[in-house]
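K.L.:
I am sharing query_23.txt, which consists of compact mmCIF, C-alpha atoms and all ligand atoms:
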# COMPACT_ATOMS: atom_id res chain seq x y z
CA MET O 27 17.06 24.16 5.35
CA GLY O 28 16.67 25.55 1.83
CA LYS O 29 13.52 25.48 -0.25
CA LYS O 30 12.74 21.95 -1.50
CA TYR O 31 10.43 20.38 -4.04
CA ILE O 32 8.74 17.25 -2.67
CA ILE O 33 6.27 14.67 -3.94
CA VAL O 34 4.21 13.12 -1.15
CA THR O 35 2.29 10.07 -2.34
CA GLY O 36 -0.75 8.94 -0.36
CA GLY O 37 -1.07 12.44 1.11
CA CYS O 38 -4.86 12.10 1.43
CA GLY O 39 -4.56 9.16 3.84
CA PHE O 40 -4.10 9.19 7.59
CA ILE O 41 -0.34 9.60 8.04
CA GLY O 42 0.27 11.32 4.71
CA SER O 43 -2.22 14.10 5.51
CA ASN O 44 -0.71 14.61 8.96
CA PHE O 45 2.74 14.77 7.29
CA ILE O 46 1.61 17.39 4.75
CA ARG O 47 0.13 19.45 7.58
CA LEU O 48 3.50 19.25 9.36
CA LEU O 49 5.36 20.36 6.21
CA VAL O 50 3.05 23.33 5.66
CA LYS O 51 3.75 24.44 9.23
CA GLU O 52 7.45 23.64 9.57
CA ARG O 53 8.68 23.99 5.96
CA PRO O 54 6.32 26.69 4.62
CA ASP O 55 8.52 27.55 1.63
CA TRP O 56 8.60 23.99 0.21
CA SER O 57 6.66 23.05 -2.92
CA ILE O 58 4.49 20.04 -2.16
CA LEU O 59 2.90 17.84 -4.80
CA ASN O 60 0.43 15.41 -3.24
CA LEU O 61 -0.12 12.39 -5.50
CA ASP O 62 -3.04 10.24 -4.34
CA ALA O 63 -5.44 7.86 -6.06
CA LEU O 64 -8.25 8.65 -3.59
CA THR O 65 -9.03 5.02 -2.84
CA TYR O 66 -11.59 4.28 -0.11
CA ALA O 67 -8.91 5.39 2.41
CA GLY O 68 -8.06 8.67 0.71
CA ASN O 69 -10.11 11.69 1.66
CA LEU O 70 -9.63 15.28 0.52
CA ASP O 71 -11.33 16.32 3.74
CA ASN O 72 -8.20 15.09 5.59
CA LEU O 73 -6.42 18.17 4.22
CA ARG O 74 -9.00 20.78 5.05
CA GLY O 75 -7.13 24.00 5.74
CA VAL O 76 -4.17 23.01 3.57
CA GLN O 77 -5.72 23.33 0.09
CA GLY O 78 -5.16 27.09 -0.11
CA HIS O 79 -1.47 26.93 0.86
CA PRO O 80 0.57 28.55 -1.96
CA GLY O 81 3.17 25.77 -2.23
CA TYR O 82 0.64 22.93 -2.22
CA ARG O 83 -0.74 21.08 -5.27
CA PHE O 84 -2.86 17.92 -5.53
CA VAL O 85 -2.77 15.44 -8.42
CA ARG O 86 -5.11 12.47 -8.48
CA GLY O 87 -3.39 9.35 -9.82
CA ASP O 88 -2.39 5.75 -9.25
CA ILE O 89 1.26 4.94 -8.45
CA ALA O 90 0.68 1.44 -9.88
CA ASN O 91 -0.04 2.96 -13.31
CA GLU O 92 3.42 3.01 -14.88
CA ALA O 93 2.55 5.21 -17.87
CA PHE O 94 0.82 7.76 -15.66
CA VAL O 95 3.67 7.97 -13.12
CA ARG O 96 6.29 8.36 -15.88
CA GLN O 97 4.24 11.06 -17.56
CA LEU O 98 3.82 12.91 -14.28
CA PHE O 99 7.56 12.93 -13.55
CA SER O 100 8.45 13.98 -17.08
CA SER O 101 5.96 16.84 -16.91
CA LEU O 102 7.53 18.35 -13.76
CA GLU O 103 9.04 21.80 -14.20
CA ALA O 104 12.16 20.59 -12.31
CA PRO O 105 13.37 17.32 -10.80
CA VAL O 106 12.07 16.83 -7.27
CA ASP O 107 14.40 16.82 -4.28
CA TYR O 108 12.34 14.30 -2.35
CA VAL O 109 9.72 11.60 -2.90
CA VAL O 110 8.08 10.33 0.30
CA ASN O 111 5.93 7.30 -0.39
CA PHE O 112 2.96 6.84 1.94
CA ALA O 113 0.68 5.47 -0.79
CA ALA O 114 -0.32 1.94 0.08
CA GLU O 115 -3.09 -0.46 0.78
CA SER O 116 -2.59 -0.37 4.54
CA HIS O 117 -5.11 -2.62 6.29
CA VAL O 118 -4.13 -6.18 7.25
CA ASP O 119 -7.73 -7.48 7.38
CA ARG O 120 -8.44 -6.24 3.85
CA SER O 121 -5.24 -7.96 2.65
CA ILE O 122 -6.73 -11.23 3.93
CA LEU O 123 -10.02 -10.61 2.09
CA GLY O 124 -8.32 -9.51 -1.16
CA PRO O 125 -4.53 -9.40 -1.50
CA LYS O 126 -4.25 -8.37 -5.17
CA ALA O 127 -4.51 -4.61 -4.70
CA PHE O 128 -1.72 -4.86 -2.11
CA ILE O 129 0.67 -6.30 -4.67
CA GLU O 130 -0.30 -3.76 -7.29
CA THR O 131 0.09 -0.65 -5.13
CA ASN O 132 2.60 -1.71 -2.50
CA VAL O 133 4.99 -3.55 -4.84
CA ASN O 134 4.42 -2.40 -8.44
CA GLY O 135 3.73 1.16 -7.31
CA VAL O 136 7.05 1.33 -5.45
CA PHE O 137 8.85 -0.09 -8.49
CA ASN O 138 7.35 2.66 -10.68
CA LEU O 139 8.38 5.42 -8.26
CA LEU O 140 11.91 4.05 -7.88
CA GLU O 141 12.34 3.94 -11.64
CA CYS O 142 11.22 7.55 -11.96
CA VAL O 143 13.62 8.75 -9.26
CA ARG O 144 16.38 6.77 -10.95
CA ALA O 145 15.54 8.40 -14.30
CA GLN O 146 15.73 11.86 -12.71
CA GLY O 147 19.38 11.14 -11.78
CA LYS O 148 18.89 12.97 -8.47
CA GLY O 149 16.49 13.18 -5.54
CA ARG O 150 15.95 11.14 -2.39
CA PHE O 151 13.30 8.41 -2.17
CA LEU O 152 11.91 7.69 1.30
CA GLN O 153 9.81 4.55 1.66
CA VAL O 154 7.38 4.66 4.59
CA SER O 155 7.52 1.06 5.77
CA THR O 156 6.31 -0.75 8.84
CA ASP O 157 7.44 -2.86 11.79
CA GLU O 158 5.15 -5.58 10.39
CA VAL O 159 7.88 -6.56 7.89
CA PHE O 160 9.69 -8.13 10.88
CA GLY O 161 6.85 -10.55 11.62
CA SER O 162 5.87 -11.31 15.20
CA LEU O 163 7.64 -11.12 18.57
CA GLY O 164 7.03 -13.39 21.54
CA ASP O 165 6.59 -11.92 25.01
CA GLU O 166 10.16 -10.59 25.18
CA GLY O 167 12.50 -8.50 23.04
CA ALA O 168 12.09 -5.78 20.42
CA PHE O 169 12.64 -5.23 16.69
CA SER O 170 15.55 -3.09 15.52
CA GLU O 171 17.17 -2.13 12.22
CA THR O 172 19.18 -5.38 12.25
CA THR O 173 16.19 -7.72 12.74
CA PRO O 174 15.71 -9.97 9.66
CA ILE O 175 12.46 -9.43 7.82
CA ASP O 176 9.91 -12.24 8.19
CA PRO O 177 6.44 -10.94 7.28
CA SER O 178 3.24 -12.86 8.10
CA SER O 179 0.30 -11.26 6.26
CA PRO O 180 -0.25 -10.40 2.59
CA TYR O 181 -0.02 -6.73 3.65
CA SER O 182 3.31 -7.11 5.45
CA ALA O 183 4.70 -9.36 2.70
CA SER O 184 3.92 -6.67 0.12
CA LYS O 185 5.61 -4.01 2.29
CA ALA O 186 8.65 -6.27 2.79
CA ALA O 187 8.85 -6.86 -0.97
CA ALA O 188 8.88 -3.10 -1.49
CA ASP O 189 11.67 -2.69 1.07
CA LEU O 190 13.76 -5.24 -0.84
CA LEU O 191 13.22 -3.31 -4.08
CA VAL O 192 14.28 -0.08 -2.36
CA ASN O 193 17.49 -1.72 -1.10
CA ALA O 194 18.23 -3.11 -4.56
CA TRP O 195 17.78 0.32 -6.20
CA SER O 196 20.13 1.77 -3.58
CA HIS O 197 22.84 -0.89 -4.00
CA THR O 198 22.67 -1.44 -7.75
CA PHE O 199 21.57 1.89 -9.19
CA LYS O 200 22.87 4.16 -6.42
CA VAL O 201 19.46 5.76 -5.98
CA ASP O 202 19.48 7.83 -2.77
CA THR O 203 17.03 5.93 -0.55
CA ILE O 204 15.83 5.80 3.05
CA ILE O 205 13.47 3.24 4.60
CA THR O 206 11.56 4.09 7.77
CA ARG O 207 9.79 1.35 9.73
CA CYS O 208 7.29 2.41 12.33
CA SER O 209 5.01 0.78 14.86
CA ASN O 210 1.22 1.31 15.14
CA ASN O 211 0.11 4.91 14.65
CA TYR O 212 -2.96 6.55 16.14
CA GLY O 213 -4.37 10.08 16.04
CA SER O 214 -6.81 12.23 14.12
CA TYR O 215 -7.93 11.42 10.53
CA GLN O 216 -7.27 7.66 10.88
CA PHE O 217 -9.73 5.63 8.82
CA PRO O 218 -12.20 3.84 11.12
CA GLU O 219 -11.20 0.33 10.05
CA LYS O 220 -8.16 0.45 12.38
CA LEU O 221 -8.46 -0.59 16.04
CA ILE O 222 -8.54 2.78 17.83
CA PRO O 223 -10.92 4.81 15.62
CA LEU O 224 -13.14 1.76 15.06
CA MET O 225 -13.55 1.24 18.80
CA ILE O 226 -14.20 4.95 19.45
CA ILE O 227 -16.85 5.18 16.74
CA ASN O 228 -18.52 1.89 17.66
CA ALA O 229 -18.58 2.87 21.33
CA ARG O 230 -20.08 6.22 20.41
CA GLN O 231 -22.83 4.41 18.50
CA ARG O 232 -23.26 1.81 21.26
CA LYS O 233 -22.29 -0.94 18.80
CA PRO O 234 -20.33 -4.10 19.76
CA LEU O 235 -16.56 -3.68 20.12
CA PRO O 236 -15.02 -6.68 18.31
CA VAL O 237 -11.83 -7.88 20.04
CA TYR O 238 -9.92 -10.55 18.12
CA GLY O 239 -8.94 -13.75 19.96
CA THR O 240 -8.04 -13.17 23.61
CA GLY O 241 -7.32 -9.46 23.22
CA GLN O 242 -3.86 -10.07 24.67
CA ASN O 243 -1.95 -9.24 21.45
CA VAL O 244 0.34 -6.27 21.99
CA ARG O 245 1.08 -3.27 19.76
CA ASP O 246 3.60 -0.46 20.37
CA TRP O 247 1.49 2.69 19.89
CA ILE O 248 2.93 5.93 18.56
CA HIS O 249 1.10 9.20 18.01
CA VAL O 250 1.05 10.12 14.33
CA SER O 251 2.69 13.49 15.06
CA ASP O 252 5.78 11.73 16.41
CA HIS O 253 5.95 9.42 13.39
CA CYS O 254 5.74 12.42 11.04
CA LEU O 255 8.55 14.22 12.90
CA GLY O 256 10.64 11.04 12.58
CA ILE O 257 10.03 10.82 8.83
CA LEU O 258 11.06 14.46 8.38
CA ALA O 259 14.22 13.90 10.44
CA ALA O 260 15.14 10.80 8.41
CA LEU O 261 14.40 12.61 5.15
CA GLU O 262 16.62 15.58 5.97
CA ARG O 263 19.32 14.01 8.12
CA GLY O 264 19.27 10.29 7.37
CA VAL O 265 22.21 8.52 5.72
CA SER O 266 21.55 7.21 2.22
CA GLY O 267 20.74 3.49 2.08
CA GLN O 268 19.87 3.25 5.77
CA VAL O 269 16.83 1.93 7.60
CA TYR O 270 15.39 3.85 10.59
CA CYS O 271 12.94 2.29 13.07
CA PHE O 272 10.43 4.40 15.00
CA GLY O 273 8.21 3.32 17.88
CA GLY O 274 6.22 4.94 20.64
CA GLN O 275 7.57 3.03 23.66
CA ALA O 276 3.94 2.44 24.58
CA GLU O 277 3.15 -1.27 24.49
CA ARG O 278 -0.48 -2.01 25.31
CA THR O 279 -2.73 -5.04 24.83
CA ASN O 280 -5.70 -4.65 22.51
CA LEU O 281 -8.02 -5.41 25.41
CA PHE O 282 -6.48 -2.64 27.54
CA ILE O 283 -7.04 -0.14 24.71
CA THR O 284 -10.58 -1.33 24.05
CA GLU O 285 -11.56 -1.20 27.73
CA LEU O 286 -10.10 2.30 28.04
CA ILE O 287 -12.05 3.55 25.03
CA ALA O 288 -15.25 1.74 26.09
CA GLN O 289 -15.15 3.30 29.55
CA THR O 290 -14.24 6.76 28.27
CA VAL O 291 -16.80 6.92 25.47
CA ALA O 292 -19.67 4.68 26.63
CA GLY O 293 -19.07 4.47 30.38
CA THR O 294 -19.20 0.65 30.26
CA THR O 295 -17.20 -2.33 28.98
CA ASP O 296 -20.37 -4.32 28.26
CA LEU O 297 -20.08 -3.61 24.53
CA ILE O 298 -16.83 -5.61 24.26
CA THR O 299 -17.40 -8.73 22.17
CA PHE O 300 -14.66 -11.32 21.71
CA VAL O 301 -14.62 -12.71 18.17
CA ASN O 302 -12.62 -15.30 16.25
CA ASP O 303 -8.99 -14.34 15.80
CA ARG O 304 -7.57 -12.70 12.67
CA PRO O 305 -5.92 -15.47 10.61
CA GLY O 306 -2.12 -15.34 11.03
CA HIS O 307 -2.47 -12.66 13.74
CA ASP O 308 0.97 -11.38 14.86
CA TRP O 309 1.28 -11.66 18.62
CA ARG O 310 3.37 -8.69 19.63
CA TYR O 311 5.26 -5.72 18.15
CA ALA O 312 7.80 -3.55 20.00
CA MET O 313 10.53 -1.29 18.68
CA ASP O 314 14.06 -0.61 19.90
CA ILE O 315 14.62 3.08 19.04
CA THR O 316 18.28 3.35 20.10
CA LYS O 317 19.48 4.17 16.57
CA VAL O 318 17.05 7.01 15.82
CA ARG O 319 17.66 8.52 19.25
CA ALA O 320 21.42 8.52 18.69
CA GLU O 321 21.64 9.34 14.99
CA LEU O 322 18.60 11.54 14.34
CA GLY O 323 18.11 13.01 17.82
CA TRP O 324 14.48 11.82 17.61
CA THR O 325 12.41 10.63 20.53
CA PRO O 326 8.62 10.24 20.88
CA LEU O 327 7.18 13.36 22.51
CA MET O 328 3.51 12.46 23.01
CA PRO O 329 2.75 10.34 26.12
CA PHE O 330 0.21 7.63 25.27
CA GLU O 331 -2.32 8.78 27.88
CA ASP O 332 -2.34 12.35 26.49
CA GLY O 333 -2.44 11.16 22.88
CA ILE O 334 -5.33 8.75 23.37
CA ARG O 335 -7.34 11.34 25.33
CA ALA O 336 -6.84 13.91 22.53
CA THR O 337 -7.69 11.31 19.87
CA VAL O 338 -10.93 10.25 21.56
CA ALA O 339 -11.88 13.92 21.93
CA TRP O 340 -11.11 14.59 18.24
CA TYR O 341 -13.39 11.77 17.03
CA LEU O 342 -16.17 12.82 19.36
CA GLU O 343 -15.90 16.42 18.11
CA ASN O 344 -15.59 15.51 14.43
CA GLU O 345 -18.62 13.40 13.62
CA ASP O 346 -18.93 15.46 10.42
CA TRP O 347 -15.64 13.86 9.30
CA TRP O 348 -16.45 10.21 10.06
CA LYS O 349 -20.24 9.99 9.63
CA PRO O 350 -20.05 10.24 5.80
CA ILE O 351 -17.46 7.44 5.76
CA LEU O 352 -19.85 5.01 7.47
CA SER O 353 -21.84 4.41 4.30
CA GLY O 354 -21.91 2.09 1.25
CA ASP O 355 -18.38 0.72 0.79
CA TYR O 356 -17.50 0.84 4.47
CA LEU O 357 -20.65 -0.99 5.55
CA ALA O 358 -20.14 -3.63 2.84
CA TYR O 359 -16.57 -4.21 4.04
CA TYR O 360 -17.66 -4.23 7.70
CA ASP O 361 -20.41 -6.80 7.11
CA LYS O 362 -18.18 -9.02 4.99
CA TRP O 363 -15.21 -9.04 7.40
CA TYR O 364 -16.94 -9.04 10.77
CA GLY O 365 -19.74 -11.24 9.48
CA GLN O 366 -17.29 -14.13 9.23
CA LEU O 367 -15.76 -13.59 12.71
CA ALA O 368 -18.20 -15.39 14.96
CA PRO O 369 -18.49 -14.10 18.54
CA THR O 370 -16.69 -16.41 20.96
CA THR O 371 -16.81 -16.34 24.75
CA LYS O 372 -19.10 -13.36 25.33
CA GLY O 373 -21.74 -13.93 22.66
CA GLY O 374 -23.73 -11.11 21.08
CA SER O 375 -23.89 -10.22 17.43
CA LEU O 376 -21.87 -7.82 15.35
P1 LIG I 1 -4.13 4.97 4.69
O1 LIG I 1 -4.74 3.71 4.23
O2 LIG I 1 -4.82 5.84 5.68
O3 LIG I 1 -3.81 5.90 3.43
C1 LIG I 1 -3.27 5.41 2.24
C2 LIG I 1 -3.37 6.50 1.17
O4 LIG I 1 -2.74 6.02 -0.02
C3 LIG I 1 -4.79 6.90 0.82
O5 LIG I 1 -4.91 8.29 0.71
C4 LIG I 1 -5.01 6.24 -0.54
O6 LIG I 1 -5.93 6.93 -1.36
C5 LIG I 1 -3.60 6.27 -1.11
N1 LIG I 1 -3.38 5.23 -2.13
C6 LIG I 1 -3.67 3.92 -2.02
N2 LIG I 1 -3.33 3.28 -3.16
C7 LIG I 1 -2.81 4.21 -3.99
C8 LIG I 1 -2.27 4.17 -5.30
N3 LIG I 1 -2.23 3.03 -5.99
N4 LIG I 1 -1.80 5.31 -5.84
C9 LIG I 1 -1.84 6.47 -5.15
N5 LIG I 1 -2.37 6.58 -3.92
C10 LIG I 1 -2.84 5.46 -3.34
O7 LIG I 1 -2.69 4.57 5.22
P2 LIG I 1 -1.83 5.13 6.46
O8 LIG I 1 -2.26 4.43 7.69
O9 LIG I 1 -1.82 6.60 6.41
O10 LIG I 1 -0.39 4.56 6.08
C11 LIG I 1 0.46 5.30 5.22
C12 LIG I 1 1.74 4.52 5.01
O11 LIG I 1 2.38 4.29 6.25
C13 LIG I 1 1.53 3.15 4.38
O12 LIG I 1 2.56 2.93 3.45
C14 LIG I 1 1.64 2.18 5.54
O13 LIG I 1 2.14 0.94 5.10
C15 LIG I 1 2.64 2.91 6.42
N6 LIG I 1 2.56 2.63 7.86
C16 LIG I 1 1.36 2.77 8.51
C17 LIG I 1 1.31 2.58 9.88
C18 LIG I 1 0.01 2.72 10.64
O14 LIG I 1 -0.03 2.42 11.83
N7 LIG I 1 -1.06 3.21 10.02
C19 LIG I 1 2.47 2.25 10.59
C20 LIG I 1 3.68 2.11 9.88
C21 LIG I 1 3.69 2.33 8.52
O1 LIG I 2 2.46 -1.97 13.07
C1 LIG I 2 2.24 -1.08 12.03
C2 LIG I 2 0.97 -1.45 11.31
O2 LIG I 2 -0.10 -1.13 12.19
C3 LIG I 2 0.80 -0.73 9.97
O3 LIG I 2 1.82 -1.15 9.09
C4 LIG I 2 -0.57 -1.03 9.37
O4 LIG I 2 -0.75 -0.24 8.19
C5 LIG I 2 -1.64 -0.68 10.36
O5 LIG I 2 -2.91 -1.05 9.84
C6 LIG I 2 -1.39 -1.38 11.70
O6 LIG I 2 -1.61 -2.80 11.56
P1 LIG I 2 -2.35 -3.66 12.71
O7 LIG I 2 -2.92 -4.88 12.10
O8 LIG I 2 -1.49 -3.83 13.90
O9 LIG I 2 -3.51 -2.60 13.09
P2 LIG I 2 -5.08 -2.76 13.37
O10 LIG I 2 -5.56 -1.42 13.83
O11 LIG I 2 -5.78 -3.39 12.23
O12 LIG I 2 -5.11 -3.77 14.58
C7 LIG I 2 -4.43 -3.49 15.79
C8 LIG I 2 -4.63 -4.67 16.71
O13 LIG I 2 -6.01 -4.72 17.10
C9 LIG I 2 -4.32 -6.00 16.07
O14 LIG I 2 -3.71 -6.85 17.03
C10 LIG I 2 -5.68 -6.54 15.67
C11 LIG I 2 -6.61 -5.97 16.73
N1 LIG I 2 -7.99 -5.68 16.28
C12 LIG I 2 -8.16 -4.87 15.20
C13 LIG I 2 -9.41 -4.58 14.73
C14 LIG I 2 -9.61 -3.71 13.51
C15 LIG I 2 -9.07 -6.17 16.97
O15 LIG I 2 -8.91 -6.89 18.00
N2 LIG I 2 -10.33 -5.87 16.54
C16 LIG I 2 -10.54 -5.12 15.43
O16 LIG I 2 -11.74 -4.89 15.06
Go through the file and emit its structure as C-alpha cells.

P.N.:
Amino acid sequence: MGKKYIIVTGGCGFIGSNFIRLLVKERPDWSILNLDALTYAGNLDNLRGVQGHPGYRFVRGDIANEAFVRQLFSSLEAPVDYVVNFAAESHVDRSILGPKAFIETNVNGVFNLLECVRAQGKGRFLQVSTDEVFGSLGDEGAFSETTPIDPSSPYSASKAAADLLVNAWSHTFKVDTIITRCSNNYGSYQFPEKLIPLMIINARQRKPLPVYGTGQNVRDWIHVSDHCLGILAALERGVSGQVYCFGGQAERTNLFITELIAQTVAGTTDLITFVNDRPGHDWRYAMDITKVRAELGWTPLMPFEDGIRATVAWYLENEDWWKPILSGDYLAYYDKWYGQLAPTTKGGSL
C-alpha cells in the first residue's frame, strides 16, 4: 500500500490507541493525525511509546465543535485519504445517567466529520460502529449486515443515528464511506468502567464484583487486536457504502467471565455480588462473520482463553496505568451508578 494521510479520532481511547499502535507498526510510512478531546476516557498514557513516531501528530479537540472541526480540516496541508472515527461516548451505563453528551459527540460529531470529508471532495470515512445498533438477541441466532437496526439504550440509539447519517452521506452526496459494527472488545488500555477491566481491578483490590441481574446475559467477546485488524482491512479493501460486521466467536455469560476473573485474580468467587439489572439491558449479542471472512479474508486470531489470560496479566502488571484513573471523577461516577443498584440475592455492599 502507498503512503496515506489519516485522521484517527478518539485515538486516546481504548480501541483508538490500539489502532494507532497497529498503524505505527504495520503502516510505518503513514501520516497519522490523532484528534481527541481527552474526555474522562481519553488518556495520553494509552499511547506511550507512540508519541515520538515521526508520522504521528496529536491535536486536542472536540468533534462536536463544528467551527473547530472545519478549521482543522481547512488548515491541513493536503486532503486526508482516510478518516477513521472512534471518537464517542462509549459506555451504556453513563448514557443512562446522562444521555446528552452521547447525542452531541456520537451524532453531531459524526455530522461535522461527514461534512468535512464531503467538502474535501475526496477521502474515505470509516465509522466505527457497534453490534448494539441491532438491539438484543434471544437465545438463538446472530446479527449480520442485513439485520435491521433496533437500538435499545441512549448509547446504541446515538450510534444507530450516526450510522443512518453515514448511509445518507454515501447515497446522497456520494461520500466514500464504510461502517464497521463490532461486538464487545477486551484487551489492554480499556477504561475500567467496562465489565472485564472493572472486574479485574475490583478483584485485585478485594472489592465487590457487581454482576447485573442474573449474570446470564451473553456478549460475543473479541480481542481488541482482532477488531483493529478488521478495521484496517475494511478501510483498505472494503467496498464503498458497505457495512462490515466483526465478532470474536466467543460467546460467554457475564457470570462466567466474572467467576473466571475472580478465581484468577482473587482465588475466590466470594466477592461476586448480584445487583439490580441495568435498565433496558440487552440480553444477548452474537455476530455472524460470514461476510468479512469471505470478502475481507478476516477472521479472529486470538482465542478467548489466551486473550483473557494476557489481559488479566496486563492489568496486574500495569497498576501505574490504572491507579491514577481511580480518583475523583471515576469514584464520583462509581458511587453514583453503583450506589443506585441495590445488591440482590447475595447481599453485601458496593
Ligand atoms: P473509549 O471510551 O475508550 O474512547 C473514546 C475516545 O473518544 C476517548 O479518547 C475520548 O477522549 C474520545 N472522545 C470522546 N468524545 C469526543 C469528542 N467529542 N471529540 C473528540 N474525541 C472525543 O471508547 P472505545 O471503547 O475505545 O470505543 C471506540 C469506538 O468504538 C466508539 O465509537 C465505540 O462506539 C466503538 N465500539 C466500541 C466497542 C467496545 O467494545 N468498546 C465495540 C464496538 C464499537
Ligand atoms: O457490543 C459492543 C459494545 O460493548 C460497545 O458498543 C460499547 O461501547 C461497549 O461499552 C460494550 O457495551 P456493553 O454494555 O456490552 O459493555 P459493558 O462492559 O458495559 O457490559 C458488558 C456486560 O456486563 C453487560 O451485559 C453488562 C454487564 N455488566 C457490566 C458492568 C460494567 C455487569 O454485569 N456489571 C458491571 O459492573

K.L.:
Excluding Ala63 of chain O and any residue of its chain fewer than 5 positions from it, enumerate the residues within 10 Å of it, using all atoms listed in the file, and give them as a list in words.

P.N.:
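Everything that qualifies: Thr35, Gly36, Gly37, Cys38, Gly68, Asn69, Val85, Arg86, Gly87, Asp88, Ile89, Ala90, Ala113 and Ala114 of chain O.
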
K.L.:
Just checking: using only C-alpha atoms and all ligand atoms, which residue out of O:Ala187, O:Val118, O:Val250, O:Ile46 ends up closest to ligand LIG 2 (chain I)?

P.N.:
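Between O:Ala187, O:Val118, O:Val250, O:Ile46, the residue approaching ligand LIG 2 (chain I) most closely is O:Val118.
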
K.L.:
Can you pull out every residue within 7 Å of Asp157 of chain O, counting all atoms listed in the file, but drop anything in the same chain fewer than 6 positions away, and send it as a PDB file with C-alpha atoms, keeping the file's coordinate frame?

P.N.:
ATOM      1  CA  ARG O 207       9.790   1.350   9.730  1.00  0.00           C
ATOM      2  CA  CYS O 208       7.290   2.410  12.330  1.00  0.00           C
ATOM      3  CA  SER O 209       5.010   0.780  14.860  1.00  0.00           C
TER       4      SER O 209
END

K.L.:
Counting only C-alpha atoms, select every polymer residue within 12 Å of (-13.9, 15.2, 19.2) as defined in the file's coordinates, and provide the selection as a VMD selection string.

P.N.:
chain O and resid 213 to 215 223 226 to 227 230 291 334 to 348

K.L.:
Residues within 6 Å of Ser184 of chain O, please, as number ranges by chain. Count only C-alpha atoms; anything in the same chain fewer than 2 positions from it doesn't count.

P.N.:
O: 129, 132-133, 181-182, 186-187

K.L.:
Please complete segment 37-48 of chain O with N, CA, C and O atoms and give it back as a PDB file, keeping the file's coordinate frame.

P.N.:
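Saved to part_32.pdb:
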ATOM      1  N   GLY O  37      -0.912  11.302   0.198  1.00  0.00           N
ATOM      2  CA  GLY O  37      -1.070  12.440   1.110  1.00  0.00           C
ATOM      3  C   GLY O  37      -2.502  12.686   1.558  1.00  0.00           C
ATOM      4  O   GLY O  37      -2.738  13.535   2.422  1.00  0.00           O
ATOM      5  N   CYS O  38      -3.464  11.954   0.987  1.00  0.00           N
ATOM      6  CA  CYS O  38      -4.860  12.100   1.430  1.00  0.00           C
ATOM      7  C   CYS O  38      -5.245  11.014   2.434  1.00  0.00           C
ATOM      8  O   CYS O  38      -6.405  10.925   2.837  1.00  0.00           O
ATOM      9  N   GLY O  39      -4.277  10.172   2.819  1.00  0.00           N
ATOM     10  CA  GLY O  39      -4.560   9.160   3.840  1.00  0.00           C
ATOM     11  C   GLY O  39      -4.258   9.701   5.228  1.00  0.00           C
ATOM     12  O   GLY O  39      -4.004  10.900   5.421  1.00  0.00           O
ATOM     13  N   PHE O  40      -4.257   8.804   6.182  1.00  0.00           N
ATOM     14  CA  PHE O  40      -4.100   9.190   7.590  1.00  0.00           C
ATOM     15  C   PHE O  40      -2.730   9.824   7.864  1.00  0.00           C
ATOM     16  O   PHE O  40      -2.623  11.007   8.227  1.00  0.00           O
ATOM     17  N   ILE O  41      -1.660   9.070   7.663  1.00  0.00           N
ATOM     18  CA  ILE O  41      -0.340   9.600   8.040  1.00  0.00           C
ATOM     19  C   ILE O  41       0.121  10.643   7.029  1.00  0.00           C
ATOM     20  O   ILE O  41       0.683  11.681   7.402  1.00  0.00           O
ATOM     21  N   GLY O  42      -0.150  10.382   5.744  1.00  0.00           N
ATOM     22  CA  GLY O  42       0.270  11.320   4.710  1.00  0.00           C
ATOM     23  C   GLY O  42      -0.330  12.711   4.927  1.00  0.00           C
ATOM     24  O   GLY O  42       0.351  13.725   4.743  1.00  0.00           O
ATOM     25  N   SER O  43      -1.592  12.771   5.312  1.00  0.00           N
ATOM     26  CA  SER O  43      -2.220  14.100   5.510  1.00  0.00           C
ATOM     27  C   SER O  43      -1.648  14.779   6.748  1.00  0.00           C
ATOM     28  O   SER O  43      -1.441  15.998   6.749  1.00  0.00           O
ATOM     29  N   ASN O  44      -1.358  14.013   7.780  1.00  0.00           N
ATOM     30  CA  ASN O  44      -0.710  14.610   8.960  1.00  0.00           C
ATOM     31  C   ASN O  44       0.694  15.098   8.597  1.00  0.00           C
ATOM     32  O   ASN O  44       1.153  16.132   9.104  1.00  0.00           O
ATOM     33  N   PHE O  45       1.386  14.364   7.700  1.00  0.00           N
ATOM     34  CA  PHE O  45       2.740  14.770   7.290  1.00  0.00           C
ATOM     35  C   PHE O  45       2.688  16.066   6.466  1.00  0.00           C
ATOM     36  O   PHE O  45       3.497  16.979   6.673  1.00  0.00           O
ATOM     37  N   ILE O  46       1.723  16.166   5.553  1.00  0.00           N
ATOM     38  CA  ILE O  46       1.610  17.390   4.750  1.00  0.00           C
ATOM     39  C   ILE O  46       1.292  18.578   5.662  1.00  0.00           C
ATOM     40  O   ILE O  46       1.855  19.668   5.506  1.00  0.00           O
ATOM     41  N   ARG O  47       0.439  18.364   6.649  1.00  0.00           N
ATOM     42  CA  ARG O  47       0.130  19.450   7.580  1.00  0.00           C
ATOM     43  C   ARG O  47       1.392  19.891   8.329  1.00  0.00           C
ATOM     44  O   ARG O  47       1.622  21.075   8.543  1.00  0.00           O
ATOM     45  N   LEU O  48       2.230  18.918   8.690  1.00  0.00           N
ATOM     46  CA  LEU O  48       3.500  19.250   9.360  1.00  0.00           C
ATOM     47  C   LEU O  48       4.403  20.058   8.428  1.00  0.00           C
ATOM     48  O   LEU O  48       5.006  21.056   8.843  1.00  0.00           O
TER      49      LEU O  48
END
